[in-house]
Amino acid sequence: MNKNKERIAVTLMLLATVVTIVGVFGIESFRRKQFYTVELIARSPLNGNWTSRGKDGIWHPRKIYAPYGKEVKLYIRNIETVSHGFALPDFNRTDLCDIAKQVVEEKKHSVYSRNRFFYRHHSCFLGCI
Amino acid sequence: MSKDKLFGLVDLDWRFELTKFKLIRALFKSRWFPLLAIIFNLFIFVIILIAGLIGGFSAGNYNFGIMIVWILWWVMLMFVLVPIFSRAWCLMCPFPVFGDWMQRGALFNVNPGKLKGLNLKWPKALKNMWVMNILFLVTTFFSGFFTVRPLATFILLGGIILLAFIIGLIFEKRTFCLYVCPVSGFQGLYSQFAMAEVRRKDPEICKNHNVKTCFMGNECGYGCPWMLAPFHFTKNTYCGMCLECFKSCPHDNMGFNLRPPGVDLLVDEKRGLDEAWKAFIMLGIAMVFFLTMQGPWGVLKDMVRGTSLKGYLTFISLHSAFSLLIVPAIFFFFSWLSKLFSGAKEVSLRKIFTNFSYTLVPLGLGVWIAFSIGIILPNGSYILHIISDPFSWGWNLFGTKSFPWTPVFTGILGYLQGLVLVIFYLFSLAYGSRLARQTYPDEAQAKRGWIPMLVFLTLAALAFLWLYIG
């Protein structure tokens, strides 16, 4: 019986499992604290984008609010399948992206006063990769 | 050395022992191996499970879980691990590690005495491949979800790990791996084609070694967790390559050999209908997968993805009927023709049917490798993205987050698939003619009986060839 080697093996198991899980969420939590982040849900044009809010509701949530002058990180989560693109009409980009991407991350500055901006008036480019 | 040469080139008895090199033998005898490989893969699977859970219903092409499991792992399994190294995945598979840990009460050390847990024996009626056959087939019912929905992959893998642990609590040793694991069955079947094997070196040493530590275990290693007799290995099918026999053999009489591909197909031992059906199921699934995943028929894709309940149930019904009944029925007809042509009334139809089913092993493996080419070439570039951003949170660990989708050689994809198919078809023919000589008592009967099977294999190969480049 080699107790030291057994301890090392158990430690490696813990590193591979518990520490990995805690580490992943810990790192992301720390990372997100550095930005103001908002998650948007996107769907394929075929099925229409999220329609839970707004007259012609496209995205969910319909409005996002961000602190004035602060960097904003948008997470766009595509809940559809692999083989499609999705439209970003409210970002003045009406063409379809070539390839869907689960998350598109962009850093933007909120440029409007009163700490909020709307997609409809937001003129900066948001690209699909 | 025998005079029987594969394609007239390689002696079927040729072996090259890799463990004669001290470094490799030391590695195989170390208790850190394959434990470290298992722990590393466990780390990867933890990330896969997290990505699957976080990914939820999101698209799968930028999901670490889906890309690593269904693109990288599957392709590695079919390209390298099974055809070259036999059941090398079982060697490093993390699924049963928690069950092993619980049973043994140790990860590294060898604990003498009875294993923990209930240690019940698996029912005798189920000591075959049938459970694995059915589980694998049922798993493919959800193929339209696993490959695009991260949560589905999470549920599948999490379920397998949980099931492995529960079965480890109830049944002895690696019962899960041997009789239940859906991945294990086809690896076992196709490992007969592998270019590597674990075998005893000198039969006399084993004969004179009364204790049989490879089976019983000793202070250096556990008795074969797969409940086999390593001193009498004749084929790869059920050897999980855990390497315990290397550790427990006091005479260093176990060897890891390179060999010509497919020699196990000629070993007339434990051949049965369960393995035959495994070959049919794998061939049937390969065709259904190609039609639904790589073919141009959108209506089939919609059925598999379950866009309508009626379509989905139709898919399940046709898919099951094709793999479980239609392919075997066609094969049975050609087996009957074989018996008829041979004129050998004393040879049972069951024997003809079972023996010739092993000709489907090379062809089936070739078809799966071809299918895997169709996965990796168009989709492989996603892997560069997801290793940098495994959870789609915008991480960029290796600077490849923005690597664009870059299909490779897709213009010649069909021809590559066709080439692989033809190569493995030739292996099927090479072993088929030998199986005919094993099945029928005389040469003339074997030649006549081989003709219908040759026609079947040729028609099956042409059908796939048409799908690839037709």
# chains A, B, ... in the order shown; residues from 1 in each chain; ligands from 1
>>> closest_atom_pairs(of="chain B", to="chain A", cutoff="8 Å", atoms="only C-alpha atoms", output="CSV")
residue,atom,partner,partner_atom,distance
B:Ile39,CA,A:Met13,CA,6.2
B:Phe40,CA,A:Ala16,CA,7.1
B:Leu42,CA,A:Ala16,CA,6.4
B:Phe43,CA,A:Ala16,CA,4.4
B:Val46,CA,A:Thr17,CA,6.3
B:Ile47,CA,A:Thr20,CA,7.7
B:Ile50,CA,A:Ile21,CA,7.5
B:Phe57,CA,A:Ile79,CA,5.6
B:Ser58,CA,A:Ile79,CA,4.0
B:Ala59,CA,A:Thr81,CA,4.6
B:Gly60,CA,A:Val82,CA,5.9
B:Asn61,CA,A:Val82,CA,5.6
B:Tyr62,CA,A:Gln102,CA,5.8
B:Asn63,CA,A:Gln102,CA,7.7
B:Ala106,CA,A:Glu6,CA,7.1
B:Leu107,CA,A:Ala9,CA,6.4
B:Phe108,CA,A:Glu6,CA,5.2
B:Asn109,CA,A:Met1,CA,5.9
B:Val110,CA,A:Met1,CA,7.3
B:Asn111,CA,A:Met1,CA,7.9
B:Val148,CA,A:Thr81,CA,5.9
B:Arg149,CA,A:Thr81,CA,7.5
B:Ser392,CA,A:Val103,CA,5.8
B:Trp393,CA,A:Val103,CA,7.1
B:Gly394,CA,A:Glu105,CA,6.0
B:Ser402,CA,A:Ile129,CA,7.2
B:Pro404,CA,A:Ile129,CA,7.0
>>> residues_around(residues="Cys206 (chain B)", least_positions_apart="5", cutoff="9 Å", atoms="only C-alpha atoms", output="ChimeraX atom specification")
/B:200-201,212,231-232,251,253
>>> write_last_selection(atoms="C-alpha atoms", output="short mmCIF file (atom, residue, chain, number, x, y, z; two decimals), in the first residue's frame")
data_model
loop_
_atom_site.label_atom_id
_atom_site.label_comp_id
_atom_site.auth_asym_id
_atom_site.auth_seq_id
_atom_site.Cartn_x
_atom_site.Cartn_y
_atom_site.Cartn_z
CA ARG B 200 -0.03 -14.04 -23.58
CA LYS B 201 3.47 -14.55 -24.94
CA LYS B 212 -3.32 -17.63 -12.61
CA PHE B 231 -3.85 -16.52 -20.21
CA HIS B 232 -6.21 -17.73 -22.93
CA HIS B 251 6.47 -13.68 -15.36
CA ASN B 253 4.21 -13.07 -19.97
#
>>> atom_distance(atom1="CA of Val211 (chain B)", atom2="CA of Met254 (chain B)")
15.3 Å
>>> closest_residue(among="B:Gln294, B:Thr213, B:Thr175, B:Ser338", to="Ile451 (chain B)", atoms="only C-alpha atoms")
B:Ser338
>>> atom_distance(atom1="CA of Gly343 (chain B)", atom2="CA of Ile330 (chain B)")
20.2 Å
>>> residues_around(residues="Ile160 (chain B)", least_positions_apart="6", cutoff="10 Å", atoms="only C-alpha atoms", output="ChimeraX atom specification")
/B:95-96,154,166,176,180-183
>>> residues_around(residues="Trp466 (chain B)", least_positions_apart="4", cutoff="10 Å", atoms="only C-alpha atoms", output="MDAnalysis selection string")
chainID B and resid 414 418 460:462 470
>>> residues_around(residues="region 429-440 of chain B", least_positions_apart="5", cutoff="7 Å", atoms="only C-alpha atoms", output="CSV table (one decimal) with N, CA and C atoms, in the first residue's frame")
chain,number,residue,atom,x,y,z
B,7,PHE,N,-3.8,-10.7,-48.8
B,7,PHE,CA,-3.5,-10.1,-50.1
B,7,PHE,C,-2.2,-10.6,-50.7
B,266,LEU,N,-11.0,-14.7,-38.1
B,266,LEU,CA,-10.8,-16.1,-38.4
B,266,LEU,C,-10.8,-17.0,-37.1
B,347,VAL,N,-23.9,-28.8,-43.4
B,347,VAL,CA,-23.6,-27.5,-42.7
B,347,VAL,C,-24.9,-26.8,-42.4
B,352,ILE,N,-23.7,-21.0,-41.3
B,352,ILE,CA,-23.3,-20.2,-42.5
B,352,ILE,C,-23.7,-18.7,-42.3
B,355,ASN,N,-21.2,-17.3,-39.4
B,355,ASN,CA,-19.8,-17.2,-39.8
B,355,ASN,C,-19.6,-16.1,-40.8
B,356,PHE,N,-20.5,-16.0,-41.8
B,356,PHE,CA,-20.3,-15.0,-42.9
B,356,PHE,C,-20.7,-13.6,-42.4
B,359,THR,N,-17.9,-11.2,-42.2
B,359,THR,CA,-17.4,-10.5,-43.3
B,359,THR,C,-17.9,-9.0,-43.3
B,445,GLN,N,-16.9,-26.8,-52.3
B,445,GLN,CA,-18.2,-26.3,-51.6
B,445,GLN,C,-17.9,-24.9,-51.1
B,446,ALA,N,-16.8,-24.7,-50.6
B,446,ALA,CA,-16.5,-23.3,-50.1
B,446,ALA,C,-16.5,-22.3,-51.3
B,449,GLY,N,-20.1,-21.8,-52.3
B,449,GLY,CA,-20.9,-21.2,-51.2
B,449,GLY,C,-20.5,-19.7,-51.0
B,450,TRP,N,-19.3,-19.4,-51.4
B,450,TRP,CA,-18.8,-18.0,-51.3
B,450,TRP,C,-19.4,-17.1,-52.3
B,454,LEU,N,-20.3,-13.1,-51.8
B,454,LEU,CA,-19.5,-12.1,-52.5
B,454,LEU,C,-20.5,-11.1,-53.2
>>> atom_distance(atom1="CA of Cys177 (chain B)", atom2="CA of Arg31 (chain B)")
20.3 Å
